Amino acid sequence: QALLVESGGGVVQPGGSLRLSCAASGFMFNVATMSWYRQAPGKERELVASLNSVGNRKNYADSVRGRFIISRDNAKKTVALQMNNVEDADTAVYYCHAKIGTATTWGQGTQVSVSS
């Protein structure tokens with residue numbers, strides 16, 4: 001059974017940094033496209049960043065490009081999201097997502113709150 005477990009969420013001040021991590025199990029992690037999505041209160045879930053299976057193609061939402069970095073460790077079956085210079089608008093539940101062909105898996109989400 002495919003499983004994704006996020007960790008690292010919490011409260012961070014504007015301008016601060018936070019690192020989210022996602023541990024994968026139960027599927028072939030090294031062939032999956034891995035992504036981070038987020039959903040703010042009252043808004044639709046949106047793609048934040050994605051990374052292909054070998055880690056050489058990254059895509060970012062315009063709102064986070066230059067501030068967030070997605071990375072993966074295929075040996076450890078983990079994917080991370082380094083969040084730098086966070087803004088109030090980054091407050092949301094962050095979800096880890098895996099995709100192999102048409103099969104997708106979601107994590108349970110981790111809350112990130114930006115507050116002074």
# chains A, B, ... in the order shown; residues from 1 in each chain; ligands from 1
call {"tool": "closest_atom_pairs", "arguments": {"of": "region 59-80 of chain A", "to": "region 33-51 of chain A", "cutoff": "7 Å", "atoms": "only C-alpha atoms", "output": "Markdown table"}}
result
| residue | atom | partner | partner_atom | distance |
| --- | --- | --- | --- | --- |
| A:Asn59 | CA | A:Ser50 | CA | 5.2 |
| A:Tyr60 | CA | A:Ala49 | CA | 4.4 |
| A:Ala61 | CA | A:Val48 | CA | 5.2 |
| A:Ile70 | CA | A:Ala49 | CA | 6.5 |
call {"tool": "select_by_dssp", "arguments": {"residues": "chain A", "states": "strand (DSSP E or B)", "output": "VMD selection string"}}
result
chain A and resid 3 to 7 10 to 12 18 to 25 33 to 39 46 to 51 58 to 60 68 to 73 78 to 83 92 to 100 103 to 106 110 to 114
call {"tool": "select_by_dssp", "arguments": {"residues": "chain A", "states": "helix (DSSP H, G or I)", "output": "ChimeraX atom specification"}}
result
/A:29-31,88-90
call {"tool": "write_last_selection", "arguments": {"atoms": "all heavy atoms", "output": "PDB file, in the first residue's frame"}}
result
ATOM      1  N   PHE A  29       9.362   4.424  -5.470  1.00  0.00           N
ATOM      2  CA  PHE A  29       9.637   5.846  -5.303  1.00  0.00           C
ATOM      3  C   PHE A  29      10.544   6.388  -6.396  1.00  0.00           C
ATOM      4  O   PHE A  29      10.345   7.498  -6.874  1.00  0.00           O
ATOM      5  CB  PHE A  29      10.272   6.087  -3.933  1.00  0.00           C
ATOM      6  CG  PHE A  29      10.577   7.529  -3.648  1.00  0.00           C
ATOM      7  CD1 PHE A  29       9.589   8.379  -3.180  1.00  0.00           C
ATOM      8  CD2 PHE A  29      11.853   8.041  -3.849  1.00  0.00           C
ATOM      9  CE1 PHE A  29       9.861   9.718  -2.911  1.00  0.00           C
ATOM     10  CE2 PHE A  29      12.141   9.372  -3.587  1.00  0.00           C
ATOM     11  CZ  PHE A  29      11.139  10.210  -3.119  1.00  0.00           C
ATOM     12  N   ASN A  30      11.527   5.609  -6.829  1.00  0.00           N
ATOM     13  CA  ASN A  30      12.529   6.145  -7.749  1.00  0.00           C
ATOM     14  C   ASN A  30      12.008   6.366  -9.166  1.00  0.00           C
ATOM     15  O   ASN A  30      12.732   6.915  -9.993  1.00  0.00           O
ATOM     16  CB  ASN A  30      13.764   5.244  -7.772  1.00  0.00           C
ATOM     17  CG  ASN A  30      13.443   3.848  -8.258  1.00  0.00           C
ATOM     18  OD1 ASN A  30      12.293   3.408  -8.187  1.00  0.00           O
ATOM     19  ND2 ASN A  30      14.433   3.147  -8.739  1.00  0.00           N
ATOM     20  N   VAL A  31      10.760   5.962  -9.468  1.00  0.00           N
ATOM     21  CA  VAL A  31      10.198   6.266 -10.782  1.00  0.00           C
ATOM     22  C   VAL A  31       9.025   7.247 -10.685  1.00  0.00           C
ATOM     23  O   VAL A  31       8.406   7.576 -11.695  1.00  0.00           O
ATOM     24  CB  VAL A  31       9.743   4.988 -11.523  1.00  0.00           C
ATOM     25  CG1 VAL A  31      10.921   4.062 -11.743  1.00  0.00           C
ATOM     26  CG2 VAL A  31       8.609   4.293 -10.802  1.00  0.00           C
ATOM     27  N   ASP A  88       3.206  35.711   4.551  1.00  0.00           N
ATOM     28  CA  ASP A  88       1.892  35.384   5.120  1.00  0.00           C
ATOM     29  C   ASP A  88       1.091  34.495   4.176  1.00  0.00           C
ATOM     30  O   ASP A  88       0.377  33.581   4.611  1.00  0.00           O
ATOM     31  CB  ASP A  88       1.107  36.668   5.400  1.00  0.00           C
ATOM     32  CG  ASP A  88       1.689  37.476   6.548  1.00  0.00           C
ATOM     33  OD1 ASP A  88       2.535  36.924   7.294  1.00  0.00           O
ATOM     34  OD2 ASP A  88       1.299  38.651   6.706  1.00  0.00           O
ATOM     35  N   ALA A  89       1.234  34.757   2.872  1.00  0.00           N
ATOM     36  CA  ALA A  89       0.458  34.007   1.879  1.00  0.00           C
ATOM     37  C   ALA A  89       0.882  32.542   1.773  1.00  0.00           C
ATOM     38  O   ALA A  89       0.209  31.754   1.100  1.00  0.00           O
ATOM     39  CB  ALA A  89       0.587  34.670   0.511  1.00  0.00           C
ATOM     40  N   ASP A  90       1.974  32.173   2.423  1.00  0.00           N
ATOM     41  CA  ASP A  90       2.425  30.774   2.398  1.00  0.00           C
ATOM     42  C   ASP A  90       1.691  29.929   3.440  1.00  0.00           C
ATOM     43  O   ASP A  90       1.871  28.706   3.472  1.00  0.00           O
ATOM     44  CB  ASP A  90       3.930  30.696   2.646  1.00  0.00           C
ATOM     45  CG  ASP A  90       4.739  31.355   1.538  1.00  0.00           C
ATOM     46  OD1 ASP A  90       4.331  31.243   0.364  1.00  0.00           O
ATOM     47  OD2 ASP A  90       5.768  31.980   1.851  1.00  0.00           O
TER      48      ASP A  90
END
call {"tool": "closest_residue", "arguments": {"among": "A:Gly10, A:Gly66, A:Gly109, A:Gly16", "to": "Tyr95 (chain A)", "atoms": "only C-alpha atoms"}}
result
A:Gly109
call {"tool": "closest_residue", "arguments": {"among": "A:Val54, A:Val114, A:Ile69, A:Ala75", "to": "Val12 (chain A)", "atoms": "only C-alpha atoms"}}
result
A:Val114
call {"tool": "closest_residue", "arguments": {"among": "A:Val93, A:Val86, A:Ala98, A:Val11", "to": "Val64 (chain A)", "atoms": "only C-alpha atoms"}}
result
A:Val86
call {"tool": "atom_distance", "arguments": {"atom1": "CA of Thr104 (chain A)", "atom2": "CA of Ser17 (chain A)"}}
result
28.7 Å
call {"tool": "residues_around", "arguments": {"residues": "Thr105 (chain A)", "least_positions_apart": "5", "cutoff": "10 Å", "atoms": "only C-alpha atoms", "output": "ChimeraX atom specification"}}
result
/A:1-4,24,27,34,96-100
call {"tool": "closest_residue", "arguments": {"among": "A:Ser63, A:Ser7, A:Asn84, A:Asn52", "to": "Ala23 (chain A)", "atoms": "only C-alpha atoms"}}
result
A:Ser7
call {"tool": "atom_distance", "arguments": {"atom1": "CA of Val112 (chain A)", "atom2": "CA of Asn85 (chain A)"}}
result
13.4 Å
call {"tool": "closest_residue", "arguments": {"among": "A:Tyr94, A:Ser116, A:Leu81, A:Thr110", "to": "Leu18 (chain A)", "atoms": "only C-alpha atoms"}}
result
A:Leu81
